[in-house]
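input_29.txt (compact mmCIF, C-alpha atoms (C1' of nucleotides)) appears below.
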# COMPACT_ATOMS: atom_id res chain seq x y z
CA MET A 6 -166.65 119.68 -105.61
CA GLY A 7 -164.12 118.71 -108.21
CA ARG A 8 -161.48 116.08 -108.06
CA PRO A 9 -160.03 115.32 -104.60
CA LYS A 10 -156.28 115.36 -103.96
CA GLU A 11 -154.55 112.05 -104.38
CA PHE A 12 -152.08 112.78 -101.59
CA ASP A 13 -152.41 113.76 -97.96
CA PRO A 14 -151.06 117.32 -97.66
CA ASP A 15 -150.06 116.64 -94.08
CA VAL A 16 -147.99 113.60 -94.96
CA ALA A 17 -146.36 115.38 -97.87
CA LEU A 18 -145.53 118.34 -95.66
CA SER A 19 -143.85 116.03 -93.17
CA ALA A 20 -141.78 114.46 -95.90
CA ALA A 21 -140.77 117.86 -97.22
CA MET A 22 -139.88 119.00 -93.72
CA GLU A 23 -137.66 115.98 -93.32
CA LYS A 24 -135.84 116.83 -96.54
CA PHE A 25 -135.31 120.46 -95.62
CA TRP A 26 -134.21 119.32 -92.20
CA GLU A 27 -131.40 117.20 -93.49
CA GLY A 28 -130.48 119.17 -96.57
CA GLY A 29 -131.21 122.79 -95.82
CA PHE A 30 -133.26 125.14 -97.95
CA GLU A 31 -131.03 125.87 -100.92
CA ALA A 32 -129.49 122.44 -101.25
CA THR A 33 -132.87 120.73 -101.28
CA SER A 34 -134.28 120.91 -104.79
CA LEU A 35 -137.87 120.52 -105.80
CA ALA A 36 -136.75 117.32 -107.49
CA ASP A 37 -135.69 115.95 -104.09
CA ILE A 38 -139.05 116.85 -102.66
CA THR A 39 -141.12 115.40 -105.46
CA ALA A 40 -139.05 112.22 -105.21
CA SER A 41 -139.59 111.84 -101.47
CA THR A 42 -143.24 112.88 -101.40
CA GLY A 43 -144.31 111.28 -104.67
CA VAL A 44 -146.12 114.53 -105.44
CA GLN A 45 -145.45 116.41 -108.65
CA LYS A 46 -144.11 119.93 -108.74
CA ALA A 47 -147.29 121.51 -110.01
CA SER A 48 -149.37 119.91 -107.27
CA LEU A 49 -146.97 121.06 -104.60
CA TYR A 50 -147.08 124.47 -106.13
CA ALA A 51 -150.88 124.56 -106.15
CA THR A 52 -151.10 123.35 -102.56
CA TYR A 53 -148.38 125.25 -100.73
CA GLY A 54 -147.25 128.01 -103.06
CA ASP A 55 -143.62 128.33 -104.10
CA LYS A 56 -140.60 126.68 -102.54
CA ARG A 57 -140.13 129.33 -99.91
CA GLN A 58 -143.76 129.13 -98.80
CA LEU A 59 -143.49 125.38 -98.53
CA PHE A 60 -140.40 125.81 -96.42
CA LEU A 61 -142.09 128.33 -94.18
CA THR A 62 -145.01 125.99 -93.62
CA ALA A 63 -142.67 123.11 -92.86
CA LEU A 64 -140.67 125.23 -90.44
CA SER A 65 -143.80 126.35 -88.68
CA ARG A 66 -144.92 122.78 -88.26
CA TYR A 67 -141.50 121.81 -86.93
CA GLN A 68 -141.63 124.59 -84.39
CA ASP A 69 -145.10 123.65 -83.20
CA ASP A 70 -144.20 119.98 -82.90
CA GLY A 71 -141.00 120.76 -81.05
CA LEU A 72 -142.63 123.09 -78.59
CA GLU A 73 -145.36 120.58 -77.87
CA ARG A 74 -142.89 117.81 -77.27
CA ALA A 75 -140.75 120.03 -75.07
CA LYS A 76 -143.78 120.81 -72.92
CA VAL A 77 -144.48 117.12 -72.49
CA VAL A 78 -140.90 116.25 -71.62
CA LEU A 79 -140.54 119.11 -69.16
CA ALA A 80 -143.75 118.14 -67.39
CA ALA A 81 -142.90 114.45 -67.25
CA HIS A 82 -140.29 114.76 -64.51
CA THR A 83 -140.70 115.88 -60.93
CA SER A 84 -137.30 117.53 -60.65
CA ALA A 85 -136.25 120.33 -62.98
CA ARG A 86 -132.81 118.86 -63.27
CA ALA A 87 -134.17 115.55 -64.53
CA ALA A 88 -136.54 117.40 -66.83
CA PHE A 89 -133.78 119.37 -68.52
CA GLU A 90 -131.56 116.30 -68.60
CA ALA A 91 -134.33 114.62 -70.58
CA VAL A 92 -134.57 117.56 -72.96
CA PHE A 93 -130.84 117.48 -73.57
CA ALA A 94 -130.83 113.71 -73.95
CA TRP A 95 -133.46 114.13 -76.62
CA MET A 96 -131.37 116.72 -78.43
CA ILE A 97 -128.21 114.64 -78.19
CA ASP A 98 -130.04 111.65 -79.53
CA GLU A 99 -131.16 113.68 -82.49
CA CYS A 100 -127.87 115.45 -83.13
CA ALA A 101 -125.18 112.88 -82.47
CA SER A 102 -126.69 109.42 -82.53
CA LYS A 103 -128.87 109.10 -85.56
CA ASP A 104 -127.47 108.72 -89.03
CA ARG A 105 -125.37 111.75 -89.90
CA SER A 106 -126.75 114.37 -87.55
CA ARG A 107 -129.32 116.53 -89.22
CA GLY A 108 -129.38 118.65 -86.08
CA CYS A 109 -132.26 121.03 -85.40
CA LEU A 110 -134.16 122.64 -88.24
CA CYS A 111 -134.36 125.94 -86.37
CA VAL A 112 -130.61 126.10 -85.90
CA ASN A 113 -129.94 125.05 -89.47
CA THR A 114 -132.32 127.69 -90.71
CA ALA A 115 -130.96 130.40 -88.45
CA VAL A 116 -127.49 129.78 -89.80
CA GLU A 117 -128.49 129.50 -93.43
CA LEU A 118 -131.22 132.08 -93.77
CA GLY A 119 -131.49 133.98 -90.51
CA PRO A 120 -129.33 136.93 -91.43
CA ARG A 121 -130.91 137.59 -94.81
CA ASP A 122 -134.60 136.75 -94.58
CA PRO A 123 -136.46 139.03 -92.20
CA GLU A 124 -139.66 136.97 -92.17
CA ILE A 125 -137.84 133.78 -91.27
CA SER A 126 -135.77 135.66 -88.76
CA ALA A 127 -138.95 136.84 -87.08
CA MET A 128 -140.32 133.30 -86.94
CA LEU A 129 -137.14 132.02 -85.34
CA GLN A 130 -137.04 134.84 -82.86
CA ALA A 131 -140.64 134.33 -81.82
CA HIS A 132 -140.13 130.62 -81.38
CA ALA A 133 -136.97 131.14 -79.35
CA ARG A 134 -138.90 133.45 -77.08
CA ARG A 135 -141.58 130.83 -76.55
CA VAL A 136 -139.00 128.22 -75.66
CA VAL A 137 -137.23 130.57 -73.28
CA THR A 138 -140.53 131.28 -71.57
CA LEU A 139 -141.24 127.57 -71.29
CA PHE A 140 -137.82 126.90 -69.79
CA ALA A 141 -138.08 129.86 -67.43
CA GLU A 142 -141.45 128.72 -66.14
CA ARG A 143 -140.01 125.31 -65.36
CA ILE A 144 -137.11 126.90 -63.50
CA GLU A 145 -139.44 129.15 -61.52
CA GLU A 146 -141.56 126.17 -60.58
CA ALA A 147 -138.42 124.44 -59.30
CA GLN A 148 -137.56 127.56 -57.33
CA ARG A 149 -140.96 127.53 -55.66
CA GLN A 150 -140.35 123.93 -54.69
CA GLY A 151 -136.92 124.76 -53.29
CA GLU A 152 -135.01 122.69 -55.83
CA VAL A 153 -133.29 125.64 -57.45
CA PRO A 154 -131.85 128.55 -55.42
CA GLU A 155 -133.74 131.84 -55.52
CA ARG A 156 -130.61 133.75 -56.55
CA VAL A 157 -130.75 132.09 -59.97
CA ASP A 158 -132.08 134.42 -62.69
CA ALA A 159 -134.74 132.22 -64.27
CA ARG A 160 -134.97 133.97 -67.59
CA ALA A 161 -131.24 134.41 -68.11
CA THR A 162 -130.71 130.79 -67.18
CA ALA A 163 -133.46 129.71 -69.55
CA ARG A 164 -131.70 131.58 -72.35
CA PHE A 165 -128.48 129.95 -71.33
CA LEU A 166 -130.07 126.51 -71.55
CA LEU A 167 -131.47 127.28 -74.99
CA LEU A 168 -128.02 128.37 -76.13
CA THR A 169 -126.71 125.10 -74.78
CA VAL A 170 -129.21 123.32 -76.99
CA TYR A 171 -127.87 125.34 -79.90
CA GLY A 172 -124.36 124.35 -78.92
CA ILE A 173 -125.28 120.69 -78.81
CA THR A 174 -126.68 120.72 -82.31
CA VAL A 175 -123.58 122.41 -83.68
CA GLY A 176 -121.37 120.14 -81.63
CA GLY A 177 -123.09 117.14 -83.14
CA LYS A 178 -122.43 118.45 -86.62
CA THR A 179 -118.80 119.12 -85.74
CA GLY A 180 -118.27 115.53 -84.73
CA PHE A 181 -118.66 115.54 -80.96
CA GLY A 182 -119.94 112.14 -79.95
CA ALA A 183 -122.88 111.51 -77.66
CA ARG A 184 -120.58 110.74 -74.75
CA LYS A 185 -118.76 114.06 -74.90
CA LEU A 186 -122.02 115.92 -75.27
CA ASP A 187 -123.35 114.15 -72.18
CA GLU A 188 -120.35 115.41 -70.26
CA VAL A 189 -120.95 118.93 -71.47
CA VAL A 190 -124.56 118.76 -70.38
CA ARG A 191 -123.46 117.76 -66.91
CA VAL A 192 -121.27 120.84 -66.75
CA ALA A 193 -124.03 123.06 -68.09
CA LEU A 194 -126.64 121.80 -65.65
CA SER A 195 -124.43 122.69 -62.74
CA VAL A 196 -125.69 126.24 -63.09
CA LEU A 197 -129.01 125.08 -61.64
CA SER A 198 -127.49 124.44 -58.21
CA MET B 22 -90.31 134.42 -115.91
CA GLY B 23 -93.58 134.96 -117.67
CA ARG B 24 -96.18 137.47 -116.75
CA PRO B 25 -96.70 138.11 -113.02
CA LYS B 26 -100.12 137.95 -111.36
CA GLU B 27 -101.98 141.23 -111.24
CA PHE B 28 -103.63 140.39 -107.91
CA ASP B 29 -102.33 139.42 -104.52
CA PRO B 30 -103.48 135.83 -103.88
CA ASP B 31 -103.54 136.51 -100.15
CA VAL B 32 -105.80 139.53 -100.47
CA ALA B 33 -108.11 137.71 -102.88
CA LEU B 34 -108.30 134.75 -100.51
CA SER B 35 -109.32 137.05 -97.70
CA ALA B 36 -112.03 138.59 -99.81
CA ALA B 37 -113.31 135.17 -100.83
CA MET B 38 -113.27 134.03 -97.21
CA GLU B 39 -115.33 137.05 -96.29
CA LYS B 40 -117.91 136.18 -98.93
CA PHE B 41 -118.15 132.55 -97.88
CA TRP B 42 -118.36 133.70 -94.30
CA GLU B 43 -121.42 135.82 -94.85
CA GLY B 44 -123.09 133.81 -97.57
CA GLY B 45 -122.15 130.20 -97.01
CA PHE B 46 -120.70 127.85 -99.59
CA GLU B 47 -123.62 127.08 -101.88
CA ALA B 48 -125.21 130.49 -101.81
CA THR B 49 -121.96 132.24 -102.73
CA SER B 50 -121.49 132.02 -106.46
CA LEU B 51 -118.28 132.43 -108.37
CA ALA B 52 -119.81 135.61 -109.73
CA ASP B 53 -120.00 137.00 -106.19
CA ILE B 54 -116.38 136.15 -105.65
CA THR B 55 -115.11 137.60 -108.88
CA ALA B 56 -117.06 140.76 -108.12
CA SER B 57 -115.61 141.16 -104.65
CA THR B 58 -112.06 140.17 -105.48
CA GLY B 59 -111.87 141.75 -108.91
CA VAL B 60 -110.30 138.53 -110.10
CA GLN B 61 -111.71 136.63 -113.05
CA LYS B 62 -112.99 133.09 -112.83
CA ALA B 63 -110.22 131.59 -114.88
CA SER B 64 -107.54 133.20 -112.74
CA LEU B 65 -109.17 132.01 -109.55
CA TYR B 66 -109.40 128.59 -111.04
CA ALA B 67 -105.74 128.55 -112.03
CA THR B 68 -104.62 129.78 -108.64
CA TYR B 69 -106.75 127.85 -106.17
CA GLY B 70 -108.42 125.07 -108.10
CA ASP B 71 -112.18 124.70 -108.15
CA LYS B 72 -114.73 126.33 -105.89
CA ARG B 73 -114.49 123.67 -103.22
CA GLN B 74 -110.70 123.92 -103.05
CA LEU B 75 -110.93 127.67 -102.75
CA PHE B 76 -113.40 127.22 -99.93
CA LEU B 77 -111.17 124.72 -98.17
CA THR B 78 -108.22 127.10 -98.39
CA ALA B 79 -110.32 129.96 -97.08
CA LEU B 80 -111.64 127.84 -94.22
CA SER B 81 -108.15 126.75 -93.30
CA ARG B 82 -106.99 130.32 -93.20
CA TYR B 83 -109.96 131.28 -91.04
CA GLN B 84 -109.17 128.52 -88.61
CA ASP B 85 -105.52 129.48 -88.33
CA ASP B 86 -106.33 133.15 -87.84
CA GLY B 87 -108.95 132.37 -85.24
CA LEU B 88 -106.73 130.05 -83.25
CA GLU B 89 -103.92 132.57 -83.28
CA ARG B 90 -106.17 135.34 -82.10
CA ALA B 91 -107.66 133.13 -79.39
CA LYS B 92 -104.18 132.38 -78.09
CA VAL B 93 -103.40 136.06 -77.89
CA VAL B 94 -106.65 136.94 -76.13
CA LEU B 95 -106.37 134.10 -73.64
CA ALA B 96 -102.82 135.09 -72.76
CA ALA B 97 -103.61 138.78 -72.43
CA HIS B 98 -105.44 138.49 -69.12
CA THR B 99 -104.13 137.41 -65.75
CA SER B 100 -107.35 135.75 -64.61
CA ALA B 101 -108.92 132.92 -66.57
CA ARG B 102 -112.33 134.39 -65.99
CA ALA B 103 -111.34 137.69 -67.57
CA ALA B 104 -109.63 135.83 -70.39
CA PHE B 105 -112.73 133.84 -71.29
CA GLU B 106 -114.89 136.90 -70.84
CA ALA B 107 -112.73 138.57 -73.47
CA VAL B 108 -113.10 135.60 -75.80
CA PHE B 109 -116.87 135.68 -75.44
CA ALA B 110 -116.97 139.44 -75.84
CA TRP B 111 -115.11 139.02 -79.10
CA MET B 112 -117.57 136.40 -80.28
CA ILE B 113 -120.56 138.48 -79.25
CA ASP B 114 -119.15 141.47 -81.04
CA GLU B 115 -118.81 139.42 -84.18
CA CYS B 116 -122.15 137.64 -83.93
CA ALA B 117 -124.59 140.20 -82.62
CA SER B 118 -123.18 143.67 -83.09
CA LYS B 119 -121.84 143.98 -86.58
CA ASP B 120 -124.05 144.35 -89.59
CA ARG B 121 -126.31 141.33 -89.87
CA SER B 122 -124.36 138.71 -87.93
CA ARG B 123 -122.33 136.51 -90.18
CA GLY B 124 -121.45 134.43 -87.13
CA CYS B 125 -118.51 132.05 -87.22
CA LEU B 126 -117.39 130.42 -90.43
CA CYS B 127 -116.70 127.13 -88.66
CA VAL B 128 -120.20 126.97 -87.26
CA ASN B 129 -121.76 127.99 -90.54
CA THR B 130 -119.76 125.35 -92.35
CA ALA B 131 -120.49 122.65 -89.79
CA VAL B 132 -124.19 123.26 -90.21
CA GLU B 133 -124.17 123.51 -93.99
CA LEU B 134 -121.59 120.93 -94.98
CA GLY B 135 -120.48 119.06 -91.88
CA PRO B 136 -122.80 116.08 -92.21
CA ARG B 137 -122.12 115.42 -95.87
CA ASP B 138 -118.51 116.28 -96.60
CA PRO B 139 -116.07 114.00 -94.76
CA GLU B 140 -113.00 116.08 -95.56
CA ILE B 141 -114.54 119.26 -94.25
CA SER B 142 -115.91 117.40 -91.28
CA ALA B 143 -112.39 116.24 -90.46
CA MET B 144 -111.05 119.78 -90.70
CA LEU B 145 -113.74 121.06 -88.36
CA GLN B 146 -113.20 118.27 -85.89
CA ALA B 147 -109.44 118.78 -85.81
CA HIS B 148 -109.84 122.49 -85.28
CA ALA B 149 -112.37 121.99 -82.51
CA ARG B 150 -109.92 119.69 -80.78
CA ARG B 151 -107.21 122.32 -80.97
CA VAL B 152 -109.49 124.94 -79.48
CA VAL B 153 -110.58 122.60 -76.71
CA THR B 154 -106.96 121.90 -75.87
CA LEU B 155 -106.21 125.61 -75.82
CA PHE B 156 -109.14 126.30 -73.50
CA ALA B 157 -108.29 123.35 -71.26
CA GLU B 158 -104.69 124.51 -70.88
CA ARG B 159 -105.90 127.93 -69.79
CA ILE B 160 -108.21 126.35 -67.24
CA GLU B 161 -105.46 124.13 -65.89
CA GLU B 162 -103.19 127.12 -65.56
CA ALA B 163 -105.88 128.85 -63.54
CA GLN B 164 -106.21 125.76 -61.38
CA ARG B 165 -102.50 125.80 -60.63
CA GLN B 166 -102.85 129.41 -59.57
CA GLY B 167 -105.78 128.59 -57.32
CA GLU B 168 -108.30 130.64 -59.32
CA VAL B 169 -110.39 127.68 -60.42
CA PRO B 170 -111.25 124.80 -58.06
CA GLU B 171 -109.46 121.50 -58.63
CA ARG B 172 -112.74 119.58 -58.80
CA VAL B 173 -113.48 121.21 -62.17
CA ASP B 174 -112.87 118.86 -65.11
CA ALA B 175 -110.71 121.03 -67.34
CA ARG B 176 -111.32 119.24 -70.61
CA ALA B 177 -115.06 118.79 -70.15
CA THR B 178 -115.34 122.42 -69.14
CA ALA B 179 -113.30 123.48 -72.14
CA ARG B 180 -115.69 121.59 -74.39
CA PHE B 181 -118.56 123.24 -72.60
CA LEU B 182 -117.08 126.67 -73.24
CA LEU B 183 -116.60 125.88 -76.91
CA LEU B 184 -120.21 124.77 -77.12
CA THR B 185 -121.14 128.05 -75.52
CA VAL B 186 -119.29 129.81 -78.31
CA TYR B 187 -121.33 127.78 -80.76
CA GLY B 188 -124.48 128.78 -78.92
CA ILE B 189 -123.55 132.43 -79.07
CA THR B 190 -123.09 132.38 -82.82
CA VAL B 191 -126.44 130.68 -83.35
CA GLY B 192 -128.05 132.97 -80.81
CA GLY B 193 -126.77 135.96 -82.73
CA LYS B 194 -128.31 134.62 -85.91
CA THR B 195 -131.59 133.97 -84.13
CA GLY B 196 -131.85 137.56 -83.04
CA PHE B 197 -130.54 137.58 -79.49
CA GLY B 198 -129.03 140.98 -78.88
CA ALA B 199 -125.61 141.61 -77.40
CA ARG B 200 -127.10 142.41 -74.03
CA LYS B 201 -128.88 139.09 -73.67
CA LEU B 202 -125.82 137.23 -74.84
CA ASP B 203 -123.76 139.02 -72.21
CA GLU B 204 -126.17 137.78 -69.60
CA VAL B 205 -125.90 134.25 -70.88
CA VAL B 206 -122.11 134.43 -70.74
CA ARG B 207 -122.29 135.45 -67.12
CA VAL B 208 -124.37 132.38 -66.38
CA ALA B 209 -122.03 130.16 -68.36
CA LEU B 210 -118.89 131.43 -66.69
CA SER B 211 -120.29 130.57 -63.28
CA VAL B 212 -119.16 127.01 -63.92
CA LEU B 213 -115.60 128.18 -63.37
CA SER B 214 -116.20 128.88 -59.69
C1' DA C 8 -175.61 110.68 -117.92
C1' DG C 9 -173.93 115.04 -118.25
C1' DT C 10 -171.37 119.02 -116.52
C1' DG C 11 -168.05 121.67 -114.42
C1' DA C 12 -164.63 122.19 -110.87
C1' DA C 13 -160.43 120.71 -109.11
C1' DC C 14 -156.38 117.81 -109.58
C1' DT C 15 -152.35 115.37 -112.20
C1' DT C 16 -149.11 114.87 -115.63
C1' DG C 17 -145.21 116.01 -118.18
C1' DA C 18 -143.34 118.92 -121.36
C1' DC C 19 -141.55 123.36 -121.50
C1' DC C 20 -139.11 127.92 -120.44
C1' DC C 21 -135.51 130.91 -118.92
C1' DC C 22 -131.88 131.86 -116.09
C1' DC C 23 -127.95 131.04 -113.43
C1' DT C 24 -124.39 127.83 -111.97
C1' DG C 25 -119.63 125.92 -112.02
C1' DG C 26 -116.25 124.96 -115.18
C1' DT C 27 -113.43 125.27 -119.71
C1' DC C 28 -111.05 127.25 -123.50
C1' DC C 29 -108.82 130.20 -126.68
C1' DC C 30 -106.69 134.23 -127.92
C1' DG C 31 -104.50 138.51 -127.11
C1' DA C 32 -101.67 141.10 -123.72
C1' DA C 33 -97.87 141.73 -120.54
C1' DC C 34 -93.85 140.60 -118.58
C1' DG C 35 -88.60 138.50 -117.49
C1' DC C 36 -84.69 136.89 -119.51
C1' DT C 37 -81.08 136.74 -122.79
C1' DA D 18 -85.27 143.72 -129.36
C1' DG D 19 -87.09 139.40 -129.45
C1' DC D 20 -88.71 135.23 -127.47
C1' DG D 21 -91.05 132.10 -124.49
C1' DT D 22 -94.00 131.89 -120.73
C1' DT D 23 -97.58 133.18 -117.93
C1' DC D 24 -101.67 135.78 -117.11
C1' DG D 25 -106.29 138.15 -118.08
C1' DG D 26 -110.61 138.83 -120.67
C1' DG D 27 -114.65 137.09 -122.10
C1' DA D 28 -117.09 133.94 -124.89
C1' DC D 29 -118.77 129.46 -124.42
C1' DC D 30 -120.74 124.95 -122.64
C1' DA D 31 -123.66 121.51 -120.42
C1' DG D 32 -126.52 120.83 -116.55
C1' DG D 33 -129.74 121.83 -113.18
C1' DG D 34 -132.52 125.20 -110.74
C1' DG D 35 -137.35 127.14 -109.83
C1' DG D 36 -141.47 128.05 -111.92
C1' DT D 37 -145.44 127.76 -115.57
C1' DC D 38 -148.84 125.96 -118.68
C1' DA D 39 -152.07 123.37 -121.41
C1' DA D 40 -154.25 119.18 -121.89
C1' DG D 41 -156.10 115.17 -120.02
C1' DT D 42 -158.38 112.93 -115.91
C1' DT D 43 -161.30 112.15 -112.01
C1' DC D 44 -164.61 113.10 -109.00
C1' DA D 45 -169.28 115.53 -106.81
C1' DC D 46 -173.42 117.22 -107.84
C1' DT D 47 -177.62 117.73 -110.45

The structure given in the file should be rewritten as structure tokens.
Amino acid sequence: MGRPKEFDPDVALSAAMEKFWEGGFEATSLADITASTGVQKASLYATYGDKRQLFLTALSRYQDDGLERAKVVLAAHTSARAAFEAVFAWMIDECASKDRSRGCLCVNTAVELGPRDPEISAMLQAHARRVVTLFAERIEEAQRQGEVPERVDARATARFLLLTVYGITVGGKTGFGARKLDEVVRVALSVLS
Amino acid sequence: MGRPKEFDPDVALSAAMEKFWEGGFEATSLADITASTGVQKASLYATYGDKRQLFLTALSRYQDDGLERAKVVLAAHTSARAAFEAVFAWMIDECASKDRSRGCLCVNTAVELGPRDPEISAMLQAHARRVVTLFAERIEEAQRQGEVPERVDARATARFLLLTVYGITVGGKTGFGARKLDEVVRVALSVLS
DNA sequence: AGTGAACTTGACCCCCTGGTCCCGAACGCT
DNA sequence: AGCGTTCGGGACCAGGGGGTCAAGTTCACT
């Protein structure tokens, strides 16, 4: 009982995530968040805890969403090559095409907070491991189907592909255009054959 | 005439660079810098201008140093493969071995400030182009010597290798150990053959 | 209708930030 | 030795940051 919330916590969390995504943790003030969510500080505080907790929740949601979407994209193509091309195209679209390249929240967070916040570091590490496993499983599937040679080390290659994703996000922020990133992806994907 | 400075501006700049390198621009306060350089705010201000100018100067110095060192390392090996292995080993040492992985100042800056500071963005872009050119020249040299196949696109591959450097720095911050990064480098370098 | 629990509002607090300023101290030059 | 110039020390400022609180409001339940 009592008075119900006037805002949808899920919607507000999305808006906050978006802000952190494009501004980073420190540079995004509570004022920015209240402005974009329309929710007052005290309500945010009562719902999510302090700024760091809010950020952690937003990051977690971002990770879950991303992993889910990656699963879908990887499963939507019959060849592994096309599947990873689609993943990279998605990343390039997000890091070099849209307005001013917010990149990937995981990468942004790793760079800003990774080295000095153990809890966040652990979250990032766990998520990276999940993605690597996902990638590796797709590579192994392609090996069973004869698309990718058996000599390829699936897990090492999966890590390599994840690092390429990292590179793309940083490349986008450094000013590489979508065309150049496409070229780079072509080079990177040559390791699958 | 007049009273001479009590500090060496070059030494202080190095110390400031170090701080920005491990803490980022926003998170590093002037208090941090005065503490590590032993130079008071007003003196810093008189010598370098405001915080942003100091950062720009430090970044510029970092870029110059890095490019110089990259030239030396690339020239110090007879095979291109060994040369790039050395470059990556250097990056891995800096991003995954030392205490708490400060990564690469260019990458950190690109992520933190790239999308919202045009002047810094231009600096990063120009530097990236120089590095790509340096890498491409080394690849072309190897092609002339028959080490690398002619079908390889030198410039695209150079960009790919730079993106791999980016990936390594982010990987280090995400918790990849030196061993895993070594593996990834082996996969990446397979594009040279 | 009354009651109490939960939510909203907006003022409020303290601290830290980048930046400025003034005065005393230290030096080179004549 | 004295003078003008430059530097260093530290107080000072306005602004914005995250976080808190008390009072008023809105609903569910009886």

- [ ] Rounded to one decimal place, report the CA of Ala36 (chain B)-CA of Ala96 (chain B) distance in Å.
- [x] 28.8 Å

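Distance check against Asp174 (chain B) using all atoms listed in the file: of B:Lys201, B:Gly124, B:Ser214, B:Ser118, the minimum falls on B:Ser214.
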
Task: Non-local contacts of region 178-185 of chain B (7 Å; all atoms listed in the file; under 3 positions in same chain excluded) as a PyMOL selection string - done: (chain A and resi 168-169+172-173+176+189+192) or (chain B and resi 153+156-157+174-175+188-189)

Just need the residues of chain C within 6 Å of chain B, counting all atoms listed in the file, so spit them out as a CSV table (one decimal) with C-alpha atoms (C1' of nucleotides), in the coordinates of the input.
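After the write, selection07.csv holds the following:
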chain,number,residue,atom,x,y,z
C,33,DA,C1',-97.9,141.7,-120.5
C,34,DC,C1',-93.8,140.6,-118.6
C,35,DG,C1',-88.6,138.5,-117.5

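Rounded to one decimal, C1' of DA40 (chain D) and C1' of DA12 (chain C) lie 15.4 Å from each other.
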